[in-house]
file start.pdb (PDB, C-alpha atoms)
ATOM      1  CA  MET H   5     100.669 146.639 137.411
ATOM      2  CA  ALA H   6      98.946 148.935 134.959
ATOM      3  CA  THR H   7      97.400 147.486 131.821
ATOM      4  CA  GLY H   8      97.017 149.316 128.523
ATOM      5  CA  SER H   9      93.763 149.751 126.647
ATOM      6  CA  ALA H  10      93.888 146.573 124.590
ATOM      7  CA  LEU H  11      93.028 146.483 120.921
ATOM      8  CA  ALA H  12      93.318 143.354 118.819
ATOM      9  CA  LEU H  13      96.789 142.610 117.497
ATOM     10  CA  ASN H  14      97.623 140.459 114.489
ATOM     11  CA  ILE H  15     100.011 137.831 115.826
ATOM     12  CA  VAL H  16     101.995 134.968 114.305
ATOM     13  CA  ILE H  17     103.162 132.215 116.665
ATOM     14  CA  THR H  18     105.805 129.623 115.950
ATOM     15  CA  ASN H  19     107.606 127.087 118.152
ATOM     16  CA  ASP H  20     110.581 124.897 117.298
ATOM     17  CA  ASP H  21     109.018 121.981 119.207
ATOM     18  CA  GLY H  22     106.268 121.700 116.590
ATOM     19  CA  TYR H  23     102.782 122.927 115.804
ATOM     20  CA  GLN H  24     100.991 120.340 117.938
ATOM     21  CA  THR H  25     102.654 120.997 121.296
ATOM     22  CA  THR H  26     100.604 121.779 124.372
ATOM     23  CA  ASN H  27     102.517 125.025 124.954
ATOM     24  CA  ILE H  28     101.858 126.552 121.540
ATOM     25  CA  ARG H  29      98.193 125.537 121.581
ATOM     26  CA  ALA H  30      97.707 127.021 125.077
ATOM     27  CA  LEU H  31      99.253 130.328 124.007
ATOM     28  CA  TYR H  32      97.160 130.342 120.835
ATOM     29  CA  GLN H  33      93.967 129.991 122.866
ATOM     30  CA  ALA H  34      95.042 132.574 125.467
ATOM     31  CA  LEU H  35      95.794 135.196 122.814
ATOM     32  CA  LYS H  36      92.499 134.543 121.052
ATOM     33  CA  ALA H  37      90.734 134.955 124.401
ATOM     34  CA  ARG H  38      92.577 138.277 124.765
ATOM     35  CA  GLY H  39      90.909 139.321 121.508
ATOM     36  CA  ASP H  40      93.873 139.071 119.163
ATOM     37  CA  GLN H  41      93.852 137.662 115.627
ATOM     38  CA  VAL H  42      96.280 134.759 115.799
ATOM     39  CA  ILE H  43      97.820 132.237 113.419
ATOM     40  CA  ILE H  44     100.250 129.425 114.117
ATOM     41  CA  SER H  45     102.993 128.636 111.623
ATOM     42  CA  ALA H  46     105.341 126.080 113.149
ATOM     43  CA  PRO H  47     107.408 123.043 112.162
ATOM     44  CA  LYS H  48     105.609 119.797 111.410
ATOM     45  CA  VAL H  49     107.886 117.922 113.813
ATOM     46  CA  ASN H  50     110.361 118.883 116.531
ATOM     47  CA  GLN H  51     113.168 121.052 115.135
ATOM     48  CA  SER H  52     114.994 122.041 118.326
ATOM     49  CA  GLY H  53     118.549 123.355 118.103
ATOM     50  CA  LYS H  54     118.273 124.468 114.467
ATOM     51  CA  SER H  55     119.118 128.126 115.190
ATOM     52  CA  GLY H  56     118.811 130.102 111.938
ATOM     53  CA  SER H  57     119.151 127.186 109.517
ATOM     54  CA  ILE H  58     117.024 126.852 106.376
ATOM     55  CA  ASN H  59     116.609 124.408 103.506
ATOM     56  CA  PHE H  60     116.564 126.565 100.386
ATOM     57  CA  ILE H  61     115.572 126.101  96.745
ATOM     58  CA  ARG H  62     113.750 122.841  97.319
ATOM     59  CA  PRO H  63     110.048 121.963  97.510
ATOM     60  CA  THR H  64     108.775 122.092 101.083
ATOM     61  CA  GLU H  65     105.618 120.471 102.435
ATOM     62  CA  VAL H  66     103.173 122.858 104.087
ATOM     63  CA  GLY H  67      99.726 122.178 105.485
ATOM     64  CA  SER H  68      97.038 123.121 107.978
ATOM     65  CA  ASP H  69      95.302 121.497 110.907
ATOM     66  CA  PRO H  70      92.039 120.079 109.520
ATOM     67  CA  ALA H  71      90.274 121.225 112.687
ATOM     68  CA  ASP H  72      91.511 124.839 112.556
ATOM     69  CA  ALA H  73      92.404 126.771 109.404
ATOM     70  CA  ASP H  74      94.547 129.229 111.405
ATOM     71  CA  ILE H  75      97.006 126.515 112.470
ATOM     72  CA  HIS H  76      99.683 125.766 109.865
ATOM     73  CA  TYR H  77     102.793 123.617 109.662
ATOM     74  CA  VAL H  78     105.959 123.480 107.586
ATOM     75  CA  ASP H  79     108.076 120.367 107.129
ATOM     76  CA  GLY H  80     111.229 122.353 107.784
ATOM     77  CA  THR H  81     113.154 124.410 110.302
ATOM     78  CA  PRO H  82     111.753 127.017 112.722
ATOM     79  CA  VAL H  83     113.046 129.862 110.527
ATOM     80  CA  MET H  84     111.338 128.317 107.504
ATOM     81  CA  SER H  85     108.054 128.076 109.392
ATOM     82  CA  MET H  86     108.437 131.682 110.532
ATOM     83  CA  LEU H  87     109.027 132.870 106.972
ATOM     84  CA  TYR H  88     106.012 130.889 105.778
ATOM     85  CA  GLY H  89     103.939 132.583 108.461
ATOM     86  CA  LEU H  90     105.156 136.049 107.473
ATOM     87  CA  ASP H  91     105.365 135.789 103.697
ATOM     88  CA  VAL H  92     102.401 133.557 102.917
ATOM     89  CA  VAL H  93      99.942 132.935 105.751
ATOM     90  CA  ALA H  94      99.935 136.446 107.250
ATOM     91  CA  GLN H  95      99.393 137.942 103.804
ATOM     92  CA  GLN H  96      96.431 135.648 103.220
ATOM     93  CA  ARG H  97      94.971 136.098 106.716
ATOM     94  CA  PHE H  98      95.798 139.730 107.574
ATOM     95  CA  GLY H  99      96.697 141.224 104.209
ATOM     96  CA  ALA H 100      99.853 142.571 105.850
ATOM     97  CA  MET H 101     102.733 141.693 108.119
ATOM     98  CA  PRO H 102     101.701 140.899 111.719
ATOM     99  CA  ASP H 103     101.949 143.364 114.580
ATOM    100  CA  LEU H 104     103.827 140.846 116.715
ATOM    101  CA  VAL H 105     105.635 137.521 116.463
ATOM    102  CA  ILE H 106     105.921 135.122 119.395
ATOM    103  CA  SER H 107     108.297 132.185 119.137
ATOM    104  CA  GLY H 108     107.461 129.623 121.796
ATOM    105  CA  PRO H 109     106.796 128.805 124.537
ATOM    106  CA  ASN H 110     109.667 126.389 124.130
ATOM    107  CA  GLU H 111     109.937 123.182 126.128
ATOM    108  CA  GLY H 112     113.221 123.992 127.841
ATOM    109  CA  HIS H 113     115.074 127.194 128.633
ATOM    110  CA  ASN H 114     117.069 129.223 126.108
ATOM    111  CA  LEU H 115     119.566 131.098 128.239
ATOM    112  CA  GLY H 116     122.956 132.639 127.638
ATOM    113  CA  TYR H 117     124.967 130.951 124.909
ATOM    114  CA  ALA H 118     122.121 128.509 124.238
ATOM    115  CA  THR H 119     120.221 131.300 122.474
ATOM    116  CA  THR H 120     122.672 131.101 119.554
ATOM    117  CA  MET H 121     121.703 127.459 118.987
ATOM    118  CA  SER H 122     118.009 127.939 119.648
ATOM    119  CA  GLY H 123     115.403 127.548 116.946
ATOM    120  CA  THR H 124     113.085 129.501 119.233
ATOM    121  CA  ASP H 125     115.358 132.536 119.163
ATOM    122  CA  GLY H 126     116.355 131.958 115.538
ATOM    123  CA  ALA H 127     112.744 132.320 114.422
ATOM    124  CA  ALA H 128     112.274 135.460 116.526
ATOM    125  CA  VAL H 129     115.389 137.061 115.033
ATOM    126  CA  VAL H 130     114.016 136.582 111.509
ATOM    127  CA  ALA H 131     111.016 138.685 112.486
ATOM    128  CA  LEU H 132     113.268 141.327 114.049
ATOM    129  CA  HIS H 133     115.213 141.553 110.797
ATOM    130  CA  ARG H 134     111.898 142.316 109.094
ATOM    131  CA  GLY H 135     111.238 145.108 111.589
ATOM    132  CA  ILE H 136     108.480 143.148 113.350
ATOM    133  CA  PRO H 137     108.439 143.112 117.172
ATOM    134  CA  ALA H 138     109.184 139.613 118.455
ATOM    135  CA  ILE H 139     109.263 137.772 121.753
ATOM    136  CA  ALA H 140     111.093 134.465 122.149
ATOM    137  CA  VAL H 141     109.531 132.572 125.059
ATOM    138  CA  SER H 142     110.995 129.554 126.828
ATOM    139  CA  ALA H 143     109.787 127.563 129.816
ATOM    140  CA  SER H 144     111.072 124.451 131.538
ATOM    141  CA  GLU H 145     110.843 120.981 130.013
ATOM    142  CA  ASN H 146     108.187 119.854 132.501
ATOM    143  CA  THR H 147     105.606 122.050 130.727
ATOM    144  CA  ALA H 148     105.544 119.547 127.855
ATOM    145  CA  ASP H 149     102.180 117.780 127.638
ATOM    146  CA  ASN H 150     100.990 119.438 130.848
ATOM    147  CA  GLU H 151      97.899 121.509 130.104
ATOM    148  CA  ALA H 152      97.786 123.221 133.494
ATOM    149  CA  LEU H 153     101.413 124.367 133.371
ATOM    150  CA  SER H 154     101.109 125.365 129.703
ATOM    151  CA  ALA H 155      98.065 127.506 130.511
ATOM    152  CA  ALA H 156      99.985 129.200 133.342
ATOM    153  CA  VAL H 157     102.895 129.945 130.994
ATOM    154  CA  ALA H 158     100.491 131.392 128.414
ATOM    155  CA  THR H 159      99.041 133.678 131.100
ATOM    156  CA  MET H 160     102.527 135.047 131.821
ATOM    157  CA  VAL H 161     103.092 135.799 128.134
ATOM    158  CA  VAL H 162      99.734 137.564 127.882
ATOM    159  CA  LYS H 163     100.667 139.651 130.931
ATOM    160  CA  VAL H 164     103.818 140.858 129.154
ATOM    161  CA  ILE H 165     101.879 141.728 126.006
ATOM    162  CA  ASP H 166      99.312 143.607 128.080
ATOM    163  CA  GLN H 167     102.135 145.757 129.442
ATOM    164  CA  LEU H 168     103.693 146.366 126.039
ATOM    165  CA  GLU H 169     100.472 147.164 124.159
ATOM    166  CA  THR H 170      98.477 150.357 124.407
ATOM    167  CA  ASP H 171      95.684 151.139 121.967
ATOM    168  CA  GLY H 172      96.968 148.587 119.487
ATOM    169  CA  GLN H 173     100.565 149.858 119.558
ATOM    170  CA  LEU H 174     103.495 147.918 121.000
ATOM    171  CA  SER H 175     106.198 149.652 123.023
ATOM    172  CA  LEU H 176     109.079 147.802 121.382
ATOM    173  CA  ALA H 177     111.443 149.794 119.205
ATOM    174  CA  LYS H 178     111.778 148.638 115.603
ATOM    175  CA  GLY H 179     114.329 145.860 115.357
ATOM    176  CA  TYR H 180     114.245 145.004 119.067
ATOM    177  CA  GLY H 181     112.501 142.217 120.926
ATOM    178  CA  LEU H 182     112.628 140.161 124.094
ATOM    179  CA  ASN H 183     114.075 136.845 125.145
ATOM    180  CA  MET H 184     111.718 135.660 127.896
ATOM    181  CA  ASN H 185     112.518 132.704 130.149
ATOM    182  CA  ILE H 186     110.191 131.320 132.804
ATOM    183  CA  PRO H 187     111.671 129.409 135.759
ATOM    184  CA  ALA H 188     110.605 125.853 136.480
ATOM    185  CA  PHE H 189     107.480 125.326 138.566
ATOM    186  CA  ASP H 190     105.411 122.243 139.337
ATOM    187  CA  ASP H 191     102.084 123.718 140.447
ATOM    188  CA  ALA H 192     100.104 126.103 138.241
ATOM    189  CA  ALA H 193      98.570 127.643 141.346
ATOM    190  CA  GLN H 194     102.056 128.638 142.515
ATOM    191  CA  ALA H 195     103.468 129.829 139.201
ATOM    192  CA  PRO H 196     106.236 132.463 139.361
ATOM    193  CA  GLY H 197     105.107 136.056 138.995
ATOM    194  CA  GLN H 198     108.127 138.300 139.553
ATOM    195  CA  PHE H 199     109.804 139.686 136.423
ATOM    196  CA  ALA H 200     113.429 140.803 136.132
ATOM    197  CA  PHE H 201     115.141 142.693 133.327
ATOM    198  CA  SER H 202     118.173 140.658 132.397
ATOM    199  CA  ARG H 203     120.943 140.253 129.846
ATOM    200  CA  ILE H 204     122.039 137.412 127.590
ATOM    201  CA  SER H 205     125.578 136.733 128.761
ATOM    202  CA  GLN H 206     128.194 134.000 128.778
ATOM    203  CA  MET H 207     126.547 132.223 131.678
ATOM    204  CA  SER H 208     124.476 129.259 130.476
ATOM    205  CA  ASP H 209     123.003 126.124 131.961
ATOM    206  CA  VAL H 210     123.375 124.281 128.631
ATOM    207  CA  ASN H 211     126.821 124.049 127.055
ATOM    208  CA  PRO H 212     127.530 121.956 123.923
ATOM    209  CA  VAL H 213     130.740 119.913 123.984
ATOM    210  CA  PHE H 214     132.290 117.417 121.583
ATOM    211  CA  ARG H 215     132.866 114.050 123.212
ATOM    212  CA  ALA H 216     135.496 111.706 121.833
ATOM    213  CA  ASP H 217     133.300 108.830 123.044
ATOM    214  CA  LEU H 218     129.601 109.381 123.780
ATOM    215  CA  SER H 219     129.416 106.051 125.597
ATOM    216  CA  THR H 220     131.233 107.647 128.546
ATOM    217  CA  ASP H 221     128.973 110.697 128.783
ATOM    218  CA  LEU H 222     126.143 110.682 131.320
ATOM    219  CA  ILE H 223     123.934 113.127 129.383
ATOM    220  CA  ALA H 224     124.360 111.348 126.041
ATOM    221  CA  GLN H 225     123.474 108.029 127.635
ATOM    222  CA  SER H 226     120.397 109.491 129.331
ATOM    223  CA  TYR H 227     119.070 110.748 125.974
ATOM    224  CA  ALA H 228     120.195 107.780 123.857
ATOM    225  CA  PRO H 229     121.076 104.741 125.989
ATOM    226  CA  GLY H 230     123.805 102.653 124.410
ATOM    227  CA  ILE H 231     124.976 105.346 121.973
ATOM    228  CA  ARG H 232     128.655 105.040 121.034
ATOM    229  CA  GLY H 233     131.239 106.904 119.004
ATOM    230  CA  ALA H 234     132.282 110.540 118.804
ATOM    231  CA  GLY H 235     129.771 113.360 118.753
ATOM    232  CA  ILE H 236     128.135 116.357 120.389
ATOM    233  CA  SER H 237     126.660 116.185 123.865
ATOM    234  CA  PHE H 238     126.072 118.794 126.547
ATOM    235  CA  TYR H 239     127.750 119.849 129.739
ATOM    236  CA  PHE H 240     125.369 120.657 132.584
ATOM    237  CA  PRO H 241     127.100 122.226 135.618
ATOM    238  CA  GLY H 242     126.765 119.962 138.616
ATOM    239  CA  VAL H 243     125.592 117.016 136.509
ATOM    240  CA  ASN H 244     128.509 115.902 134.369
ATOM    241  CA  SER H 245     132.056 117.106 133.701
ATOM    242  CA  LEU H 246     133.773 119.013 130.921
ATOM    243  CA  PRO H 247     136.217 117.208 128.643
ATOM    244  CA  GLU H 248     139.726 117.157 130.092
ATOM    245  CA  GLY H 249     141.527 120.448 129.489
ATOM    246  CA  VAL H 250     138.337 122.346 128.589
ATOM    247  CA  SER H 251     137.108 125.246 130.693
ATOM    248  CA  LEU H 252     134.337 127.835 130.510
ATOM    249  CA  PRO H 253     134.742 131.530 131.329
ATOM    250  CA  VAL H 254     133.555 132.799 134.694
ATOM    251  CA  ASP H 255     130.558 135.081 134.255
ATOM    252  CA  ASP H 256     129.938 137.459 137.161
ATOM    253  CA  ASP H 257     127.296 139.597 135.407
ATOM    254  CA  PRO H 258     124.534 140.211 137.997
ATOM    255  CA  LEU H 259     122.048 140.643 135.114
ATOM    256  CA  ALA H 260     122.832 137.253 133.557
ATOM    257  CA  GLU H 261     119.448 135.758 132.693
ATOM    258  CA  THR H 262     120.602 132.267 133.672
ATOM    259  CA  ARG H 263     121.446 133.475 137.177
ATOM    260  CA  LEU H 264     118.127 135.304 137.564
ATOM    261  CA  VAL H 265     116.010 132.415 136.247
ATOM    262  CA  ASN H 266     117.728 130.124 138.733
ATOM    263  CA  GLN H 267     116.698 132.621 141.419
ATOM    264  CA  GLY H 268     113.057 132.237 140.380
ATOM    265  CA  PHE H 269     112.561 135.349 138.226
ATOM    266  CA  ILE H 270     110.802 135.498 134.858
ATOM    267  CA  THR H 271     113.555 137.123 132.818
ATOM    268  CA  LEU H 272     113.217 139.637 129.986
ATOM    269  CA  SER H 273     116.378 140.266 127.952
ATOM    270  CA  VAL H 274     116.382 142.835 125.153
ATOM    271  CA  ILE H 275     117.509 141.248 121.872
ATOM    272  CA  ASP H 276     118.123 142.388 118.329
ATOM    273  CA  GLY H 277     119.377 140.760 115.147
ATOM    274  CA  ASP H 278     122.696 140.090 116.882
ATOM    275  CA  TYR H 279     120.897 138.228 119.697
ATOM    276  CA  ASN H 280     121.726 140.943 122.233
ATOM    277  CA  ALA H 281     121.009 144.667 122.042
ATOM    278  CA  LYS H 282     124.006 146.976 122.052
ATOM    279  CA  ARG H 283     124.598 148.251 125.548
ATOM    280  CA  HIS H 284     123.320 151.827 125.155
ATOM    281  CA  ALA H 285     120.183 150.646 123.352
ATOM    282  CA  GLU H 286     119.715 147.860 125.861
ATOM    283  CA  GLU H 287     119.814 150.286 128.789
ATOM    284  CA  ALA H 288     117.330 152.622 127.109
ATOM    285  CA  ALA H 289     114.992 149.735 126.353
ATOM    286  CA  ARG H 290     115.266 148.462 129.921
ATOM    287  CA  LEU H 291     114.325 151.872 131.306
ATOM    288  CA  GLN H 292     111.349 152.037 128.951
ATOM    289  CA  LEU H 293     110.178 148.572 129.985
ATOM    290  CA  HIS H 294     110.716 149.401 133.646
ATOM    291  CA  ASP H 295     108.297 152.306 133.294
ATOM    292  CA  LEU H 296     105.769 150.137 131.464
ATOM    293  CA  PHE H 297     105.889 147.537 134.212
ATOM    294  CA  ASP H 298     105.492 150.242 136.895
ATOM    295  CA  GLY H 299     108.622 149.025 138.649
ATOM    296  CA  GLU H 300     107.143 145.581 139.206
ATOM    297  CA  ALA H 301     110.101 143.941 137.435
ATOM    298  CA  ALA H 302     113.425 143.967 139.223
ATOM    299  CA  ASP H 303     116.607 145.218 137.530
ATOM    300  CA  ALA H 304     118.774 142.585 139.183
ATOM    301  CA  THR H 305     119.185 140.518 142.306
ATOM    302  CA  PRO H 306     122.798 140.046 143.388
TER     303      PRO H 306
END
call {"tool": "encode", "arguments": {"input": "start.pdb", "output": "structure tokens"}}
result
Amino acid sequence: MATGSALALNIVITNDDGYQTTNIRALYQALKARGDQVIISAPKVNQSGKSGSINFIRPTEVGSDPADADIHYVDGTPVMSMLYGLDVVAQQRFGAMPDLVISGPNEGHNLGYATTMSGTDGAAVVALHRGIPAIAVSASENTADNEALSAAVATMVVKVIDQLETDGQLSLAKGYGLNMNIPAFDDAAQAPGQFAFSRISQMSDVNPVFRADLSTDLIAQSYAPGIRGAGISFYFPGVNSLPEGVSLPVDDDPLAETRLVNQGFITLSVIDGDYNAKRHAEEAARLQLHDLFDGEAADATP
């Protein structure tokens, strides 16, 4: 795989899991080692599933890590932390908007319909609306608090940036970015390495459902033992069942990122402010990326 002539990029990182997670710190260090100028602006505490939500016209606590002045937090949603990074911290640190935004790596995949609920993708979309290239990155939940796996994930992200960047310029069209998902792995020495260009589609491994009684739901009880009453839980195919009378559409798209991640590929889906690039633009972007990756990323695996 060819690598461009790297020049330092100005990068803002966020992560809906919070500014102290192992994943975001590993990526921060990997990008600095690459030679980039990097700041973190992420929620103070876990804000998963917040999508594009904000708390507006109210005082909001912000602060910095006392051990590193380039690591910042916002006591608010992922979008709020992204806006703080763009509108305040980047202006102070770079004197301009960043060259690139990375949201993640998230602890858990954001695939298919789940991207519409994702704070990881919500923060990336804000940057895309500003015309800033953005990559939303998600890995499996077992990367949480695992320094070896987090470092391996960070290496994969750096590899993508190396392919996109040549002489300080990124090969992402204005308003377009990537939704990147990394399949689960347990050994950093055997981390996945094959990329596939994919598409956000109806197929998802996480599906929200409203349960009339959470006490009868396996997933709800695993997250909050003893919980009772009505509320939202999730349907995981092969784990629990859908509410009676509810069905999900059949998705036979061979480019569905969920399908490809489950096959062991690192998926790259082109996204825009609508969470999925229009088909003609998506195809053009995929061809461009295919050339950049020298054919090393597959288009699909049936």
call {"tool": "resolve_selection", "arguments": {"input": "start.pdb", "expression": "the PyMOL selection byres ((chain H and resi 221-230) around 12)", "output": "NGL selection string"}}
result
:H and (210-220 or 231-247)
call {"tool": "resolve_selection", "arguments": {"input": "start.pdb", "expression": "the PyMOL selection byres ((chain H and resi 62-69) around 12)", "output": "ChimeraX atom specification"}}
result
/H:23-24,29,43-49,58-61,70-81,84-85,87-89,92-93
call {"tool": "write_last_selection", "arguments": {"input": "start.pdb", "atoms": "C-alpha atoms", "output": "CSV table (one decimal), in the frame of the given file"}}
result
chain,number,residue,atom,x,y,z
H,23,TYR,CA,102.8,122.9,115.8
H,24,GLN,CA,101.0,120.3,117.9
H,29,ARG,CA,98.2,125.5,121.6
H,43,ILE,CA,97.8,132.2,113.4
H,44,ILE,CA,100.2,129.4,114.1
H,45,SER,CA,103.0,128.6,111.6
H,46,ALA,CA,105.3,126.1,113.1
H,47,PRO,CA,107.4,123.0,112.2
H,48,LYS,CA,105.6,119.8,111.4
H,49,VAL,CA,107.9,117.9,113.8
H,58,ILE,CA,117.0,126.9,106.4
H,59,ASN,CA,116.6,124.4,103.5
H,60,PHE,CA,116.6,126.6,100.4
H,61,ILE,CA,115.6,126.1,96.7
H,70,PRO,CA,92.0,120.1,109.5
H,71,ALA,CA,90.3,121.2,112.7
H,72,ASP,CA,91.5,124.8,112.6
H,73,ALA,CA,92.4,126.8,109.4
H,74,ASP,CA,94.5,129.2,111.4
H,75,ILE,CA,97.0,126.5,112.5
H,76,HIS,CA,99.7,125.8,109.9
H,77,TYR,CA,102.8,123.6,109.7
H,78,VAL,CA,106.0,123.5,107.6
H,79,ASP,CA,108.1,120.4,107.1
H,80,GLY,CA,111.2,122.4,107.8
H,81,THR,CA,113.2,124.4,110.3
H,84,MET,CA,111.3,128.3,107.5
H,85,SER,CA,108.1,128.1,109.4
H,87,LEU,CA,109.0,132.9,107.0
H,88,TYR,CA,106.0,130.9,105.8
H,89,GLY,CA,103.9,132.6,108.5
H,92,VAL,CA,102.4,133.6,102.9
H,93,VAL,CA,99.9,132.9,105.8
call {"tool": "resolve_selection", "arguments": {"input": "start.pdb", "expression": "the PyMOL selection byres ((chain H and resi 36) around 12)", "output": "PyMOL selection string"}}
result
chain H and resi 11-17+29-35+37-44+74+158+162
call {"tool": "closest_residue", "arguments": {"input": "start.pdb", "among": "H:Ile28, H:Met160, H:Ile204, H:Ala138", "to": "Glu286 in chain H", "atoms": "all atoms listed in the file"}}
result
H:Ile204
call {"tool": "atom_distance", "arguments": {"input": "start.pdb", "atom1": "CA of Gln51 in chain H", "atom2": "CA of Asn19 in chain H"}}
result
8.7 Å
call {"tool": "closest_residue", "arguments": {"input": "start.pdb", "among": "H:Ala193, H:Val141, H:Met101, H:Leu259", "to": "Thr119 in chain H", "atoms": "all atoms listed in the file"}}
result
H:Val141
call {"tool": "closest_residue", "arguments": {"input": "start.pdb", "among": "H:Gln96, H:Ser57, H:Thr170, H:Thr25", "to": "Val129 in chain H", "atoms": "only C-alpha atoms"}}
result
H:Ser57
call {"tool": "atom_distance", "arguments": {"input": "start.pdb", "atom1": "CA of Met207 in chain H", "atom2": "CA of Gly116 in chain H"}}
result
5.4 Å
call {"tool": "residues_around", "arguments": {"input": "start.pdb", "residues": "Phe269 in chain H", "least_positions_apart": "5", "cutoff": "6 Å", "atoms": "only C-alpha atoms", "output": "PyMOL selection string"}}
result
chain H and resi 198-200+264
call {"tool": "atom_distance", "arguments": {"input": "start.pdb", "atom1": "CA of Asn114 in chain H", "atom2": "CA of Asn146 in chain H"}}
result
14.4 Å
call {"tool": "closest_residue", "arguments": {"input": "start.pdb", "among": "H:Lys54, H:Pro137, H:Val274, H:Gln95", "to": "Gln173 in chain H", "atoms": "all atoms listed in the file"}}
result
H:Pro137
call {"tool": "residues_around", "arguments": {"input": "start.pdb", "residues": "Met121 in chain H", "least_positions_apart": "5", "cutoff": "9 Å", "atoms": "only C-alpha atoms", "output": "list in words"}}
result
Ser52, Gly53, Lys54, Ser55, Gly56, Asn114 and Gly126 of chain H
call {"tool": "write_last_selection", "arguments": {"input": "start.pdb", "atoms": "C-alpha atoms", "output": "PDB file, in the coordinates of the input"}}
result
ATOM      1  CA  SER H  52     114.994 122.041 118.326  1.00  0.00           C
ATOM      2  CA  GLY H  53     118.549 123.355 118.103  1.00  0.00           C
ATOM      3  CA  LYS H  54     118.273 124.468 114.467  1.00  0.00           C
ATOM      4  CA  SER H  55     119.118 128.126 115.190  1.00  0.00           C
ATOM      5  CA  GLY H  56     118.811 130.102 111.938  1.00  0.00           C
ATOM      6  CA  ASN H 114     117.069 129.223 126.108  1.00  0.00           C
ATOM      7  CA  GLY H 126     116.355 131.958 115.538  1.00  0.00           C
TER       8      GLY H 126
END
call {"tool": "residues_around", "arguments": {"input": "start.pdb", "residues": "Leu153 in chain H", "least_positions_apart": "5", "cutoff": "10 Å", "atoms": "only C-alpha atoms", "output": "list in words"}}
result
Thr26, Asn27, Ala30, Ala143, Ser144, Asn146, Thr147, Ala148, Ala158, Thr159, Ala188, Phe189, Asp190, Asp191, Ala192, Ala193 and Ala195 of chain H
call {"tool": "closest_residue", "arguments": {"input": "start.pdb", "among": "H:Gln167, H:Ser205, H:Asn185, H:Thr18", "to": "Ser142 in chain H", "atoms": "only C-alpha atoms"}}
result
H:Asn185
call {"tool": "decode", "arguments": {"input": "start.pdb", "residues": "range 174-189 of chain H", "atoms": "N, CA and C atoms", "output": "PDB file, in the first residue's frame"}}
result
ATOM      1  N   LEU H 174      -5.827  16.367   2.189  1.00  0.00           N
ATOM      2  CA  LEU H 174      -6.612  15.157   2.348  1.00  0.00           C
ATOM      3  C   LEU H 174      -7.485  14.913   1.126  1.00  0.00           C
ATOM      4  N   SER H 175      -7.509  13.681   0.662  1.00  0.00           N
ATOM      5  CA  SER H 175      -8.314  13.316  -0.501  1.00  0.00           C
ATOM      6  C   SER H 175      -9.726  12.932  -0.076  1.00  0.00           C
ATOM      7  N   LEU H 176     -10.412  13.866   0.559  1.00  0.00           N
ATOM      8  CA  LEU H 176     -11.823  13.727   0.888  1.00  0.00           C
ATOM      9  C   LEU H 176     -12.522  14.979   0.379  1.00  0.00           C
ATOM     10  N   ALA H 177     -13.516  14.795  -0.467  1.00  0.00           N
ATOM     11  CA  ALA H 177     -14.226  15.941  -1.015  1.00  0.00           C
ATOM     12  C   ALA H 177     -14.934  16.708   0.092  1.00  0.00           C
ATOM     13  N   LYS H 178     -15.048  18.021  -0.089  1.00  0.00           N
ATOM     14  CA  LYS H 178     -15.689  18.869   0.910  1.00  0.00           C
ATOM     15  C   LYS H 178     -17.100  18.368   1.201  1.00  0.00           C
ATOM     16  N   GLY H 179     -17.390  18.207   2.471  1.00  0.00           N
ATOM     17  CA  GLY H 179     -18.712  17.752   2.884  1.00  0.00           C
ATOM     18  C   GLY H 179     -18.857  16.254   3.003  1.00  0.00           C
ATOM     19  N   TYR H 180     -17.797  15.502   2.669  1.00  0.00           N
ATOM     20  CA  TYR H 180     -17.854  14.044   2.733  1.00  0.00           C
ATOM     21  C   TYR H 180     -16.817  13.500   3.709  1.00  0.00           C
ATOM     22  N   GLY H 181     -17.175  12.404   4.349  1.00  0.00           N
ATOM     23  CA  GLY H 181     -16.277  11.763   5.296  1.00  0.00           C
ATOM     24  C   GLY H 181     -16.444  10.260   5.248  1.00  0.00           C
ATOM     25  N   LEU H 182     -15.955   9.599   6.290  1.00  0.00           N
ATOM     26  CA  LEU H 182     -15.992   8.144   6.346  1.00  0.00           C
ATOM     27  C   LEU H 182     -16.569   7.669   7.671  1.00  0.00           C
ATOM     28  N   ASN H 183     -17.354   6.611   7.594  1.00  0.00           N
ATOM     29  CA  ASN H 183     -17.744   5.855   8.772  1.00  0.00           C
ATOM     30  C   ASN H 183     -16.918   4.578   8.767  1.00  0.00           C
ATOM     31  N   MET H 184     -16.000   4.463   9.722  1.00  0.00           N
ATOM     32  CA  MET H 184     -15.044   3.360   9.775  1.00  0.00           C
ATOM     33  C   MET H 184     -15.381   2.452  10.950  1.00  0.00           C
ATOM     34  N   ASN H 185     -15.546   1.160  10.675  1.00  0.00           N
ATOM     35  CA  ASN H 185     -15.807   0.186  11.722  1.00  0.00           C
ATOM     36  C   ASN H 185     -14.791  -0.936  11.661  1.00  0.00           C
ATOM     37  N   ILE H 186     -14.263  -1.295  12.816  1.00  0.00           N
ATOM     38  CA  ILE H 186     -13.198  -2.289  12.928  1.00  0.00           C
ATOM     39  C   ILE H 186     -13.767  -3.537  13.597  1.00  0.00           C
ATOM     40  N   PRO H 187     -13.654  -4.696  12.962  1.00  0.00           N
ATOM     41  CA  PRO H 187     -14.221  -5.915  13.544  1.00  0.00           C
ATOM     42  C   PRO H 187     -13.549  -6.281  14.864  1.00  0.00           C
ATOM     43  N   ALA H 188     -14.244  -7.085  15.639  1.00  0.00           N
ATOM     44  CA  ALA H 188     -13.726  -7.505  16.939  1.00  0.00           C
ATOM     45  C   ALA H 188     -12.483  -8.373  16.768  1.00  0.00           C
ATOM     46  N   PHE H 189     -11.523  -8.179  17.660  1.00  0.00           N
ATOM     47  CA  PHE H 189     -10.338  -9.032  17.706  1.00  0.00           C
ATOM     48  C   PHE H 189      -9.849  -9.058  19.148  1.00  0.00           C
TER      49      PHE H 189
END
